[in-house]
$ cat my_file-v3.pdb   # PDB, C-alpha atoms
ATOM      1  CA  LYS U   1      25.521  10.223  -9.564
ATOM      2  CA  MET U   2      26.542  11.476  -6.127
ATOM      3  CA  THR U   3      28.512   9.368  -3.676
ATOM      4  CA  ASP U   4      27.116   8.769  -0.190
ATOM      5  CA  ASP U   5      29.698  11.211   1.233
ATOM      6  CA  GLU U   6      28.628  13.917  -1.224
ATOM      7  CA  LYS U   7      24.972  13.305  -0.354
ATOM      8  CA  PHE U   8      25.768  13.594   3.360
ATOM      9  CA  ILE U   9      27.508  16.933   2.783
ATOM     10  CA  GLU U  10      24.542  18.207   0.758
ATOM     11  CA  PHE U  11      22.063  17.036   3.434
ATOM     12  CA  ASP U  12      24.125  18.751   6.123
ATOM     13  CA  LYS U  13      24.183  22.016   4.133
ATOM     14  CA  PHE U  14      20.428  21.676   3.560
ATOM     15  CA  LYS U  15      19.712  21.232   7.286
ATOM     16  CA  ARG U  16      21.773  24.291   8.216
ATOM     17  CA  ARG U  17      20.327  26.673   5.621
ATOM     18  CA  LYS U  18      18.484  29.716   6.881
ATOM     19  CA  ASP U  19      16.371  30.379   3.796
ATOM     20  CA  SER U  20      12.606  30.130   3.636
ATOM     21  CA  LEU U  21      10.154  27.685   2.201
ATOM     22  CA  ARG U  22       9.000  28.774  -1.255
ATOM     23  CA  LEU U  23       5.211  28.919  -1.570
ATOM     24  CA  SER U  24       3.260  30.026  -4.630
ATOM     25  CA  ALA U  25      -0.113  31.745  -4.401
ATOM     26  CA  SER U  26      -1.813  28.679  -5.908
ATOM     27  CA  SER U  27      -0.172  26.438  -3.282
ATOM     28  CA  ILE U  28      -1.443  28.664  -0.513
ATOM     29  CA  SER U  29      -4.944  28.709  -1.999
ATOM     30  CA  ALA U  30      -4.875  24.898  -2.285
ATOM     31  CA  MET U  31      -3.847  24.517   1.349
ATOM     32  CA  ALA U  32      -6.669  26.879   2.341
ATOM     33  CA  GLY U  33      -9.186  24.783   0.392
ATOM     34  CA  PHE U  34      -9.751  27.201  -2.485
ATOM     35  CA  HIS U  35      -8.175  25.039  -5.196
ATOM     36  CA  PRO U  36     -10.365  21.924  -5.485
ATOM     37  CA  TYR U  37      -8.287  20.275  -8.231
ATOM     38  CA  GLN U  38      -4.989  20.325  -6.366
ATOM     39  CA  ASN U  39      -3.727  17.049  -4.896
ATOM     40  CA  LEU U  40      -2.864  18.069  -1.322
ATOM     41  CA  ALA U  41      -0.721  15.013  -0.574
ATOM     42  CA  LYS U  42       1.383  15.645  -3.680
ATOM     43  CA  LEU U  43       1.571  19.359  -2.888
ATOM     44  CA  LEU U  44       2.845  18.607   0.609
ATOM     45  CA  MET U  45       5.482  16.240  -0.762
ATOM     46  CA  ASP U  46       6.573  18.837  -3.327
ATOM     47  CA  LEU U  47       6.873  21.515  -0.633
ATOM     48  CA  VAL U  48       8.739  19.348   1.877
ATOM     49  CA  TYR U  49      11.152  18.006  -0.727
ATOM     50  CA  GLN U  50      11.830  21.193  -2.743
ATOM     51  CA  GLY U  51      14.762  21.545  -5.112
ATOM     52  CA  SER U  52      17.586  19.213  -6.032
ATOM     53  CA  VAL U  53      18.668  18.614  -2.433
ATOM     54  CA  GLY U  54      15.037  17.979  -1.523
ATOM     55  CA  ARG U  55      14.942  15.321  -4.222
ATOM     56  CA  LEU U  56      18.028  13.672  -2.731
ATOM     57  CA  LEU U  57      16.409  13.778   0.701
ATOM     58  CA  LEU U  58      13.235  12.203  -0.713
ATOM     59  CA  GLU U  59      15.262   9.377  -2.268
ATOM     60  CA  HIS U  60      17.094   8.919   1.054
ATOM     61  CA  ASP U  61      13.849   8.823   3.066
ATOM     62  CA  ALA U  62      12.227   6.409   0.602
ATOM     63  CA  LYS U  63      15.221   4.089   0.841
ATOM     64  CA  ILE U  64      15.055   4.107   4.659
ATOM     65  CA  LEU U  65      11.333   3.296   4.518
ATOM     66  CA  GLY U  66      11.833   0.574   1.899
ATOM     67  CA  MET U  67       9.720   2.458  -0.641
ATOM     68  CA  GLU U  68      10.167   2.736  -4.391
ATOM     69  CA  LEU U  69       9.665   6.139  -5.997
ATOM     70  CA  ILE U  70       7.727   6.133  -9.263
ATOM     71  CA  SER U  71       6.435   8.923 -11.466
ATOM     72  CA  ASP U  72       2.778   9.866 -11.803
ATOM     73  CA  GLU U  73       2.827   8.370 -15.287
ATOM     74  CA  GLN U  74       4.235   5.078 -14.010
ATOM     75  CA  ALA U  75       1.533   4.956 -11.317
ATOM     76  CA  LEU U  76      -1.192   5.554 -13.921
ATOM     77  CA  LYS U  77       0.221   2.825 -16.144
ATOM     78  CA  GLN U  78       0.314   0.330 -13.251
ATOM     79  CA  ILE U  79      -3.320   1.013 -12.389
ATOM     80  CA  ALA U  80      -4.313   0.896 -16.076
ATOM     81  CA  ARG U  81      -2.607  -2.485 -16.430
ATOM     82  CA  LYS U  82      -4.517  -3.806 -13.404
ATOM     83  CA  ALA U  83      -7.790  -2.550 -14.896
ATOM     84  CA  GLY U  84      -7.052  -3.793 -18.419
ATOM     85  CA  LEU U  85      -7.113  -0.216 -19.724
ATOM     86  CA  THR U  86      -3.512   0.087 -20.894
ATOM     87  CA  GLN U  87      -4.313   1.216 -24.449
ATOM     88  CA  VAL U  88      -6.853   3.938 -23.617
ATOM     89  CA  ILE U  89      -4.703   5.347 -20.801
ATOM     90  CA  GLN U  90      -1.632   5.344 -23.049
ATOM     91  CA  GLN U  91      -3.665   7.190 -25.690
ATOM     92  CA  ALA U  92      -4.628   9.833 -23.116
ATOM     93  CA  ILE U  93      -0.989  10.171 -21.996
ATOM     94  CA  ASP U  94       0.154  10.528 -25.612
ATOM     95  CA  ILE U  95      -2.466  13.221 -26.251
ATOM     96  CA  ALA U  96      -1.429  15.085 -23.097
ATOM     97  CA  LYS U  97       2.240  14.953 -24.138
ATOM     98  CA  GLY U  98       1.457  16.004 -27.719
ATOM     99  CA  LYS U  99       2.650  12.676 -29.149
ATOM    100  CA  GLU U 100      -0.816  12.006 -30.539
ATOM    101  CA  LYS U 101      -2.669  14.869 -32.167
ATOM    102  CA  VAL U 102      -6.386  15.506 -31.961
ATOM    103  CA  LYS U 103      -8.131  17.623 -34.570
ATOM    104  CA  HIS U 104     -10.814  18.958 -32.254
ATOM    105  CA  ILE U 105     -11.199  19.361 -28.524
ATOM    106  CA  GLN U 106     -14.230  17.091 -28.797
ATOM    107  CA  ASP U 107     -11.896  14.223 -29.766
ATOM    108  CA  ALA U 108      -9.911  14.648 -26.536
ATOM    109  CA  THR U 109     -13.153  14.968 -24.571
ATOM    110  CA  LYS U 110     -14.376  11.729 -26.142
ATOM    111  CA  VAL U 111     -11.207   9.905 -25.028
ATOM    112  CA  LYS U 112     -11.664  11.262 -21.496
ATOM    113  CA  SER U 113     -15.365  10.315 -21.398
ATOM    114  CA  ASN U 114     -14.507   6.819 -22.618
ATOM    115  CA  ILE U 115     -11.922   6.405 -19.842
ATOM    116  CA  LEU U 116     -14.335   7.700 -17.192
ATOM    117  CA  GLU U 117     -17.029   5.246 -18.275
ATOM    118  CA  LEU U 118     -14.595   2.301 -18.371
ATOM    119  CA  VAL U 119     -13.204   3.220 -14.951
ATOM    120  CA  LYS U 120     -16.654   3.629 -13.407
ATOM    121  CA  THR U 121     -17.731   0.127 -14.440
ATOM    122  CA  ASN U 122     -14.389  -1.596 -13.691
ATOM    123  CA  THR U 123     -14.546  -4.093 -10.828
ATOM    124  CA  ASN U 124     -10.769  -4.660 -10.527
ATOM    125  CA  LEU U 125     -10.023  -1.205  -9.110
ATOM    126  CA  SER U 126     -10.351   0.246  -5.625
ATOM    127  CA  ALA U 127     -12.127   3.559  -5.108
ATOM    128  CA  GLY U 128      -8.743   5.298  -4.733
ATOM    129  CA  GLU U 129      -7.437   3.817  -7.980
ATOM    130  CA  LYS U 130     -10.625   4.850  -9.789
ATOM    131  CA  LYS U 131     -10.162   8.372  -8.495
ATOM    132  CA  GLN U 132      -6.590   8.486  -9.818
ATOM    133  CA  LEU U 133      -7.743   7.507 -13.289
ATOM    134  CA  SER U 134     -10.699   9.908 -13.285
TER     135      SER U 134
END

$ encode --input "my_file-v3.pdb" --output "structure tokens"
Amino acid sequence: KMTDDEKFIEFDKFKRRKDSLRLSASSISAMAGFHPYQNLAKLLMDLVYQGSVGRLLLEHDAKILGMELISDEQALKQIARKAGLTQVIQQAIDIAKGKEKVKHIQDATKVKSNILELVKTNTNLSAGEKKQLS
């Protein structure tokens, strides 16, 4: 863990660097609207806060704003808990991580279809939360 002084030195080096922003072809296509499955808000965050120093800067900015940083998986689990869908979402996460095996692609598709149907009919979730689980 870095001390505050070490973080300040790293931030100062970061601000004075002359290198360029790294952009992949898929990032550029997403920003131009040609990648419909890309999350533009997440992409922007990833581009602004690139690399290890970017991560430190993100943590610093979040602290100043009084925000807590959580992973995508943690966010999904929080929404699933609110919707009462903890088990089916955890099953999907385990399949995605390879912790739970499926014999056929149809089995994974069935899990996804089940989640989509449960999310669609859930009255505890906002439209934005439903979109995150879909």

$ resolve_selection --input "my_file-v3.pdb" --expression "the PyMOL selection byres ((chain U and resi 91) around 12)" --output "PDB file with C-alpha atoms, keeping the file's coordinate frame"
ATOM      1  CA  LYS U  77       0.221   2.825 -16.144  1.00  0.00           C
ATOM      2  CA  ALA U  80      -4.313   0.896 -16.076  1.00  0.00           C
ATOM      3  CA  LEU U  85      -7.113  -0.216 -19.724  1.00  0.00           C
ATOM      4  CA  THR U  86      -3.512   0.087 -20.894  1.00  0.00           C
ATOM      5  CA  GLN U  87      -4.313   1.216 -24.449  1.00  0.00           C
ATOM      6  CA  VAL U  88      -6.853   3.938 -23.617  1.00  0.00           C
ATOM      7  CA  ILE U  89      -4.703   5.347 -20.801  1.00  0.00           C
ATOM      8  CA  GLN U  90      -1.632   5.344 -23.049  1.00  0.00           C
ATOM      9  CA  ALA U  92      -4.628   9.833 -23.116  1.00  0.00           C
ATOM     10  CA  ILE U  93      -0.989  10.171 -21.996  1.00  0.00           C
ATOM     11  CA  ASP U  94       0.154  10.528 -25.612  1.00  0.00           C
ATOM     12  CA  ILE U  95      -2.466  13.221 -26.251  1.00  0.00           C
ATOM     13  CA  ALA U  96      -1.429  15.085 -23.097  1.00  0.00           C
ATOM     14  CA  LYS U  97       2.240  14.953 -24.138  1.00  0.00           C
ATOM     15  CA  GLY U  98       1.457  16.004 -27.719  1.00  0.00           C
ATOM     16  CA  LYS U  99       2.650  12.676 -29.149  1.00  0.00           C
ATOM     17  CA  GLU U 100      -0.816  12.006 -30.539  1.00  0.00           C
ATOM     18  CA  LYS U 101      -2.669  14.869 -32.167  1.00  0.00           C
ATOM     19  CA  VAL U 102      -6.386  15.506 -31.961  1.00  0.00           C
ATOM     20  CA  ASP U 107     -11.896  14.223 -29.766  1.00  0.00           C
ATOM     21  CA  ALA U 108      -9.911  14.648 -26.536  1.00  0.00           C
ATOM     22  CA  LYS U 110     -14.376  11.729 -26.142  1.00  0.00           C
ATOM     23  CA  VAL U 111     -11.207   9.905 -25.028  1.00  0.00           C
ATOM     24  CA  LYS U 112     -11.664  11.262 -21.496  1.00  0.00           C
ATOM     25  CA  ASN U 114     -14.507   6.819 -22.618  1.00  0.00           C
ATOM     26  CA  ILE U 115     -11.922   6.405 -19.842  1.00  0.00           C
TER      27      ILE U 115
END

$ atom_distance --input "my_file-v3.pdb" --atom1 "atom CA of U:Leu21" --atom2 "atom CA of U:Phe8"
21.1 Å

$ atom_distance --input "my_file-v3.pdb" --atom1 "atom CA of U:Phe11" --atom2 "atom CA of U:Val53"
7.0 Å

$ resolve_selection --input "my_file-v3.pdb" --expression "the PyMOL selection byres ((chain U and resi 46) around 12)" --output "count of residues only"
22

$ atom_distance --input "my_file-v3.pdb" --atom1 "atom CA of U:Glu6" --atom2 "atom CA of U:Glu59"
14.2 Å
